[in-house]
$ cat data.pdb   # PDB, C-alpha atoms
ATOM      1  CA  MET R  96      51.175  28.796 -11.175  1.00  0.00           C
ATOM      2  CA  ARG R  97      47.585  29.754 -10.461  1.00  0.00           C
ATOM      3  CA  HIS R  98      45.079  27.294  -9.083  1.00  0.00           C
ATOM      4  CA  SER R  99      41.461  27.704  -9.861  1.00  0.00           C
ATOM      5  CA  ILE R 100      38.881  26.694  -7.302  1.00  0.00           C
ATOM      6  CA  GLN R 101      36.595  23.952  -8.578  1.00  0.00           C
ATOM      7  CA  PRO R 102      33.533  22.698  -6.699  1.00  0.00           C
ATOM      8  CA  VAL R 103      34.093  19.320  -5.142  1.00  0.00           C
ATOM      9  CA  VAL R 104      31.585  16.628  -6.153  1.00  0.00           C
ATOM     10  CA  GLY R 105      30.072  16.451  -2.669  1.00  0.00           C
ATOM     11  CA  SER R 106      30.418  20.149  -1.859  1.00  0.00           C
ATOM     12  CA  PRO R 107      27.429  22.255  -0.759  1.00  0.00           C
ATOM     13  CA  ALA R 108      27.569  24.215  -4.015  1.00  0.00           C
ATOM     14  CA  ARG R 109      27.202  20.979  -5.972  1.00  0.00           C
ATOM     15  CA  ARG R 110      24.465  19.605  -3.681  1.00  0.00           C
ATOM     16  CA  ALA R 111      22.397  22.799  -4.049  1.00  0.00           C
ATOM     17  CA  VAL R 112      21.428  21.637  -7.540  1.00  0.00           C
ATOM     18  CA  ALA R 113      19.720  18.427  -6.456  1.00  0.00           C
ATOM     19  CA  ASP R 114      18.763  15.630  -8.770  1.00  0.00           C
ATOM     20  CA  PRO R 115      15.012  15.783  -9.555  1.00  0.00           C
ATOM     21  CA  ALA R 116      14.752  12.044  -8.816  1.00  0.00           C
ATOM     22  CA  ASP R 117      16.193  12.670  -5.328  1.00  0.00           C
ATOM     23  CA  GLN R 118      13.751  15.510  -4.760  1.00  0.00           C
ATOM     24  CA  GLU R 119      10.834  13.281  -5.791  1.00  0.00           C
ATOM     25  CA  ARG R 120      12.090  10.481  -3.536  1.00  0.00           C
ATOM     26  CA  GLU R 121      12.332  12.815  -0.557  1.00  0.00           C
ATOM     27  CA  ALA R 122       8.870  14.262  -1.212  1.00  0.00           C
ATOM     28  CA  SER R 123       7.348  10.793  -1.608  1.00  0.00           C
ATOM     29  CA  VAL R 124       8.934   9.405   1.552  1.00  0.00           C
ATOM     30  CA  SER R 125       7.866  12.541   3.418  1.00  0.00           C
ATOM     31  CA  ARG R 126       4.244  12.044   2.285  1.00  0.00           C
ATOM     32  CA  LEU R 127       4.459   8.368   3.266  1.00  0.00           C
ATOM     33  CA  PHE R 128       5.725   9.409   6.698  1.00  0.00           C
ATOM     34  CA  ASP R 129       2.925  11.955   7.192  1.00  0.00           C
ATOM     35  CA  GLN R 130       0.251   9.442   6.193  1.00  0.00           C
ATOM     36  CA  HIS R 131       1.451   6.270   7.906  1.00  0.00           C
ATOM     37  CA  TYR R 132       3.851   6.985  10.781  1.00  0.00           C
ATOM     38  CA  THR R 133       1.256   6.603  13.524  1.00  0.00           C
ATOM     39  CA  SER R 134      -0.206   3.388  12.118  1.00  0.00           C
ATOM     40  CA  MET R 135       3.289   1.899  11.671  1.00  0.00           C
ATOM     41  CA  LEU R 136       4.148   2.863  15.257  1.00  0.00           C
ATOM     42  CA  ARG R 137       1.004   1.122  16.481  1.00  0.00           C
ATOM     43  CA  LEU R 138       1.778  -1.912  14.340  1.00  0.00           C
ATOM     44  CA  ALA R 139       5.278  -2.244  15.824  1.00  0.00           C
ATOM     45  CA  ALA R 140       3.925  -1.778  19.363  1.00  0.00           C
ATOM     46  CA  LEU R 141       1.174  -4.355  18.904  1.00  0.00           C
ATOM     47  CA  LEU R 142       3.613  -6.850  17.420  1.00  0.00           C
ATOM     48  CA  GLY R 143       5.628  -6.613  20.624  1.00  0.00           C
ATOM     49  CA  ALA R 144       8.483  -4.254  19.789  1.00  0.00           C
ATOM     50  CA  ASP R 145      10.254  -2.983  22.899  1.00  0.00           C
ATOM     51  CA  ASP R 146      11.172   0.239  21.079  1.00  0.00           C
ATOM     52  CA  PRO R 147       8.601   0.815  18.316  1.00  0.00           C
ATOM     53  CA  GLU R 148       9.904   4.309  17.501  1.00  0.00           C
ATOM     54  CA  ASN R 149      13.317   2.961  16.459  1.00  0.00           C
ATOM     55  CA  ILE R 150      11.759   0.090  14.489  1.00  0.00           C
ATOM     56  CA  VAL R 151       9.628   2.519  12.477  1.00  0.00           C
ATOM     57  CA  ALA R 152      12.518   4.948  11.984  1.00  0.00           C
ATOM     58  CA  GLU R 153      14.655   2.097  10.607  1.00  0.00           C
ATOM     59  CA  ALA R 154      11.794   1.020   8.307  1.00  0.00           C
ATOM     60  CA  TYR R 155      11.540   4.536   6.852  1.00  0.00           C
ATOM     61  CA  TYR R 156      15.306   4.666   6.421  1.00  0.00           C
ATOM     62  CA  GLN R 157      15.250   1.376   4.527  1.00  0.00           C
ATOM     63  CA  ILE R 158      12.440   2.479   2.228  1.00  0.00           C
ATOM     64  CA  TYR R 159      14.279   5.747   1.585  1.00  0.00           C
ATOM     65  CA  ARG R 160      17.432   3.847   0.595  1.00  0.00           C
ATOM     66  CA  LYS R 161      15.564   1.408  -1.650  1.00  0.00           C
ATOM     67  CA  TRP R 162      13.046   3.847  -3.133  1.00  0.00           C
ATOM     68  CA  ARG R 163      14.363   3.611  -6.693  1.00  0.00           C
ATOM     69  CA  ARG R 164      14.026  -0.184  -6.625  1.00  0.00           C
ATOM     70  CA  LEU R 165      10.324  -0.123  -5.738  1.00  0.00           C
ATOM     71  CA  ARG R 166       8.138  -1.258  -8.607  1.00  0.00           C
ATOM     72  CA  ASP R 167       5.793   1.659  -8.109  1.00  0.00           C
ATOM     73  CA  ALA R 168       4.959   4.218  -5.454  1.00  0.00           C
ATOM     74  CA  GLU R 169       1.704   2.381  -4.698  1.00  0.00           C
ATOM     75  CA  SER R 170       3.670  -0.571  -3.308  1.00  0.00           C
ATOM     76  CA  ALA R 171       5.508   1.671  -0.824  1.00  0.00           C
ATOM     77  CA  GLU R 172       2.953   1.289   1.979  1.00  0.00           C
ATOM     78  CA  ALA R 173       2.941  -2.510   1.670  1.00  0.00           C
ATOM     79  CA  TYR R 174       6.756  -2.550   1.601  1.00  0.00           C
ATOM     80  CA  LEU R 175       6.866  -0.300   4.667  1.00  0.00           C
ATOM     81  CA  ARG R 176       4.394  -2.511   6.560  1.00  0.00           C
ATOM     82  CA  SER R 177       6.352  -5.632   5.631  1.00  0.00           C
ATOM     83  CA  THR R 178       9.584  -3.978   6.748  1.00  0.00           C
ATOM     84  CA  VAL R 179       8.089  -3.032  10.131  1.00  0.00           C
ATOM     85  CA  CYS R 180       6.925  -6.645  10.602  1.00  0.00           C
ATOM     86  CA  ASN R 181      10.323  -8.051   9.671  1.00  0.00           C
ATOM     87  CA  LEU R 182      12.296  -5.590  11.804  1.00  0.00           C
ATOM     88  CA  THR R 183      10.052  -6.258  14.802  1.00  0.00           C
ATOM     89  CA  ARG R 184      10.444  -9.999  14.357  1.00  0.00           C
ATOM     90  CA  MET R 185      14.241  -9.651  14.103  1.00  0.00           C
ATOM     91  CA  ARG R 186      14.337  -7.406  17.195  1.00  0.00           C
ATOM     92  CA  ILE R 187      12.297  -9.865  19.261  1.00  0.00           C
ATOM     93  CA  ARG R 188      14.570 -12.747  18.178  1.00  0.00           C
ATOM     94  CA  HIS R 189      17.635 -10.689  19.057  1.00  0.00           C
ATOM     95  CA  LEU R 190      16.268  -9.904  22.511  1.00  0.00           C
ATOM     96  CA  GLN R 191      15.438 -13.563  23.120  1.00  0.00           C
ATOM     97  CA  VAL R 192      19.002 -14.586  22.279  1.00  0.00           C
ATOM     98  CA  ALA R 193      20.474 -11.746  24.343  1.00  0.00           C
ATOM     99  CA  ARG R 194      18.340 -12.663  27.359  1.00  0.00           C
ATOM    100  CA  ARG R 195      19.537 -16.265  27.246  1.00  0.00           C
ATOM    101  CA  HIS R 196      23.085 -15.025  27.787  1.00  0.00           C
ATOM    102  CA  VAL R 197      22.304 -12.689  30.680  1.00  0.00           C
ATOM    103  CA  GLU R 198      22.941 -14.120  34.132  1.00  0.00           C
ATOM    104  CA  ALA R 199      20.446 -11.928  35.995  1.00  0.00           C
ATOM    105  CA  PRO R 200      16.780 -12.176  35.080  1.00  0.00           C
ATOM    106  CA  PRO R 201      15.681  -9.308  32.793  1.00  0.00           C
ATOM    107  CA  ASP R 202      13.753  -6.387  34.240  1.00  0.00           C
ATOM    108  CA  ASP R 203      10.066  -6.224  33.457  1.00  0.00           C
ATOM    109  CA  TRP R 204       9.309  -4.673  30.107  1.00  0.00           C
ATOM    110  CA  ALA R 205       8.598  -0.966  30.428  1.00  0.00           C
ATOM    111  CA  ALA R 206       6.283   0.585  27.862  1.00  0.00           C
ATOM    112  CA  SER R 207       7.256   3.865  26.249  1.00  0.00           C
ATOM    113  CA  ALA R 208       5.074   6.907  26.783  1.00  0.00           C
ATOM    114  CA  GLU R 209       3.682   6.559  23.265  1.00  0.00           C
ATOM    115  CA  ASN R 210       2.869   2.904  23.813  1.00  0.00           C
ATOM    116  CA  SER R 211       1.147   3.645  27.128  1.00  0.00           C
ATOM    117  CA  ALA R 212      -0.923   6.377  25.507  1.00  0.00           C
ATOM    118  CA  LEU R 213      -2.121   3.930  22.861  1.00  0.00           C
ATOM    119  CA  LEU R 214      -3.435   1.447  25.408  1.00  0.00           C
ATOM    120  CA  ARG R 215      -6.541   2.294  27.414  1.00  0.00           C
ATOM    121  CA  ASP R 216      -7.337   0.466  30.611  1.00  0.00           C
ATOM    122  CA  ASP R 217     -10.229  -1.461  29.073  1.00  0.00           C
ATOM    123  CA  GLN R 218      -7.936  -2.775  26.304  1.00  0.00           C
ATOM    124  CA  ARG R 219      -5.045  -3.936  28.483  1.00  0.00           C
ATOM    125  CA  VAL R 220      -6.406  -7.428  29.037  1.00  0.00           C
ATOM    126  CA  LEU R 221      -6.983  -7.983  25.341  1.00  0.00           C
ATOM    127  CA  VAL R 222      -3.621  -6.545  24.378  1.00  0.00           C
ATOM    128  CA  GLY R 223      -1.934  -8.758  26.971  1.00  0.00           C
ATOM    129  CA  ALA R 224      -3.633 -11.798  25.468  1.00  0.00           C
ATOM    130  CA  VAL R 225      -2.553 -10.722  21.982  1.00  0.00           C
ATOM    131  CA  GLN R 226       1.038 -10.312  23.173  1.00  0.00           C
ATOM    132  CA  ARG R 227       1.056 -13.841  24.604  1.00  0.00           C
ATOM    133  CA  LEU R 228       0.081 -15.337  21.233  1.00  0.00           C
ATOM    134  CA  PRO R 229       2.775 -16.970  19.113  1.00  0.00           C
ATOM    135  CA  ALA R 230       4.442 -14.382  16.873  1.00  0.00           C
ATOM    136  CA  ARG R 231       2.858 -15.516  13.586  1.00  0.00           C
ATOM    137  CA  GLN R 232      -0.665 -15.617  15.053  1.00  0.00           C
ATOM    138  CA  ARG R 233      -0.151 -12.186  16.572  1.00  0.00           C
ATOM    139  CA  GLU R 234       1.134 -10.740  13.283  1.00  0.00           C
ATOM    140  CA  ALA R 235      -1.758 -12.210  11.286  1.00  0.00           C
ATOM    141  CA  LEU R 236      -4.376 -10.878  13.724  1.00  0.00           C
ATOM    142  CA  VAL R 237      -2.863  -7.410  13.997  1.00  0.00           C
ATOM    143  CA  LEU R 238      -2.520  -7.063  10.237  1.00  0.00           C
ATOM    144  CA  ARG R 239      -6.066  -8.346   9.655  1.00  0.00           C
ATOM    145  CA  HIS R 240      -8.088  -6.769  12.429  1.00  0.00           C
ATOM    146  CA  TRP R 241      -6.057  -3.693  13.346  1.00  0.00           C
ATOM    147  CA  LEU R 242      -4.946  -2.594   9.890  1.00  0.00           C
ATOM    148  CA  GLY R 243      -7.822  -4.237   8.010  1.00  0.00           C
ATOM    149  CA  LEU R 244      -5.639  -5.877   5.376  1.00  0.00           C
ATOM    150  CA  LYS R 245      -6.866  -8.561   3.008  1.00  0.00           C
ATOM    151  CA  GLU R 246      -5.516 -12.088   3.358  1.00  0.00           C
ATOM    152  CA  SER R 247      -3.377 -11.689   0.225  1.00  0.00           C
ATOM    153  CA  GLU R 248      -1.836  -8.477   1.619  1.00  0.00           C
ATOM    154  CA  ILE R 249      -1.145 -10.189   4.941  1.00  0.00           C
ATOM    155  CA  ALA R 250       0.479 -13.113   3.133  1.00  0.00           C
ATOM    156  CA  ALA R 251       2.738 -10.700   1.252  1.00  0.00           C
ATOM    157  CA  ALA R 252       3.671  -8.775   4.407  1.00  0.00           C
ATOM    158  CA  MET R 253       4.452 -11.947   6.361  1.00  0.00           C
ATOM    159  CA  GLY R 254       6.049 -13.849   3.493  1.00  0.00           C
ATOM    160  CA  ILE R 255       3.692 -16.850   3.803  1.00  0.00           C
ATOM    161  CA  SER R 256       0.823 -18.382   1.835  1.00  0.00           C
ATOM    162  CA  VAL R 257      -2.796 -17.241   2.067  1.00  0.00           C
ATOM    163  CA  GLY R 258      -3.690 -20.643   3.565  1.00  0.00           C
ATOM    164  CA  SER R 259      -1.145 -20.121   6.338  1.00  0.00           C
ATOM    165  CA  VAL R 260      -2.618 -16.680   7.012  1.00  0.00           C
ATOM    166  CA  LYS R 261      -6.050 -18.294   7.452  1.00  0.00           C
ATOM    167  CA  THR R 262      -4.617 -20.917   9.805  1.00  0.00           C
ATOM    168  CA  HIS R 263      -2.704 -18.390  11.949  1.00  0.00           C
ATOM    169  CA  THR R 264      -5.725 -16.070  12.094  1.00  0.00           C
ATOM    170  CA  ALA R 265      -8.145 -18.836  13.102  1.00  0.00           C
ATOM    171  CA  ARG R 266      -5.812 -20.212  15.776  1.00  0.00           C
ATOM    172  CA  GLY R 267      -5.100 -16.734  17.127  1.00  0.00           C
ATOM    173  CA  LEU R 268      -8.790 -15.861  17.366  1.00  0.00           C
ATOM    174  CA  ALA R 269      -9.504 -19.165  19.123  1.00  0.00           C
ATOM    175  CA  ALA R 270      -6.746 -18.459  21.670  1.00  0.00           C
ATOM    176  CA  LEU R 271      -8.014 -14.900  22.285  1.00  0.00           C
ATOM    177  CA  THR R 272     -11.582 -16.115  22.666  1.00  0.00           C
ATOM    178  CA  HIS R 273     -10.434 -18.670  25.223  1.00  0.00           C
ATOM    179  CA  ALA R 274      -8.390 -16.064  27.133  1.00  0.00           C
ATOM    180  CA  MET R 275     -11.220 -13.538  27.224  1.00  0.00           C
ATOM    181  CA  GLU R 276     -13.827 -16.149  28.245  1.00  0.00           C
ATOM    182  CA  ALA R 277     -11.562 -17.372  31.053  1.00  0.00           C
ATOM    183  CA  ARG R 278     -11.483 -13.800  32.392  1.00  0.00           C
ATOM    184  CA  ARG R 279     -15.283 -13.640  32.676  1.00  0.00           C
TER     185      ARG R 279
END

$ encode --input "data.pdb" --output "structure tokens"
Amino acid sequence: MRHSIQPVVGSPARRAVADPADQEREASVSRLFDQHYTSMLRLAALLGADDPENIVAEAYYQIYRKWRRLRDAESAEAYLRSTVCNLTRMRIRHLQVARRHVEAPPDDWAASAENSALLRDDQRVLVGAVQRLPARQREALVLRHWLGLKESEIAAAMGISVGSVKTHTARGLAALTHAMEARR
């Protein structure tokens, strides 16, 4: 009895003829990466991520997986920004819980080389004050003044109302003003 060789569904011969939708998804995510990687890395760093590179990599992985479920390609940047915010928030919560269960006090936070390059000496005081803000105030200020988003876009990224965005922004600015005036 002769057996004929048939390509397996997942074989390289079968994968060589890629689905046009998959090719479009890969091209779109690649363009999104080229356009927004640096700003997403800065966003994660300013929100307090201890490892912003991994946060951003996970955000791109999630958008790649869920690409077909996006309403339109125009919403991809907003979805990516929201994902970075959520992943950073989850990472910070995880670290807080993990630190509660550690007997020895945690080592001081060490910035990555990329994070250090982003921060100039004259900005360190301000960035330190931003990092000491409550998480929601920090997110609102970074999204508004660093990325220049509108209040409605910030509300969507943070999953809160526009009124709450205004409150968090006003309180955060008041706290930063107080911190910077105390330094003078």

$ residues_around --input "data.pdb" --residues "range 112-127 of chain R" --least-positions-apart "6" --cutoff "12 Å" --atoms "all atoms listed in the file" --output "PyMOL selection string"
chain R and resi 104-106+133-135+152+154-165+167-176

$ closest_residue --input "data.pdb" --among "R:Leu268, R:Leu228, R:Val257, R:Ile150" --to "Ser177 in chain R" --atoms "all atoms listed in the file"
R:Ile150

$ closest_residue --input "data.pdb" --among "R:Leu236, R:Leu242, R:Met185, R:Ala250" --to "Leu136 in chain R" --atoms "only C-alpha atoms"
R:Leu242

$ resolve_selection --input "data.pdb" --expression "the PyMOL selection byres ((chain R and resi 180) around 12)" --output "NGL selection string"
:R and (135-144 or 147 or 150-151 or 153-154 or 173-179 or 181-187 or 230-231 or 233-235 or 237-238 or 249-254)

$ atom_distance --input "data.pdb" --atom1 "CA of Val220 in chain R" --atom2 "CA of Gly267 in chain R"
15.2 Å

$ residues_near_point --input "data.pdb" --point "(-3.1, -14.8, 4.3)" --cutoff "9 Å" --atoms "only C-alpha atoms" --output "list in words"
Ala235, Arg239, Lys245, Glu246, Ser247, Glu248, Ile249, Ala250, Ala251, Met253, Ile255, Ser256, Val257, Gly258, Ser259, Val260, Lys261, Thr262, His263 and Thr264 of chain R

$ atom_distance --input "data.pdb" --atom1 "CA of Ala274 in chain R" --atom2 "CA of His240 in chain R"
17.4 Å

$ atom_distance --input "data.pdb" --atom1 "CA of Val192 in chain R" --atom2 "CA of Gly223 in chain R"
22.2 Å

$ closest_residue --input "data.pdb" --among "R:Ala270, R:Leu244, R:Ala193, R:Ala277" --to "Gln232 in chain R" --atoms "all atoms listed in the file"
R:Ala270
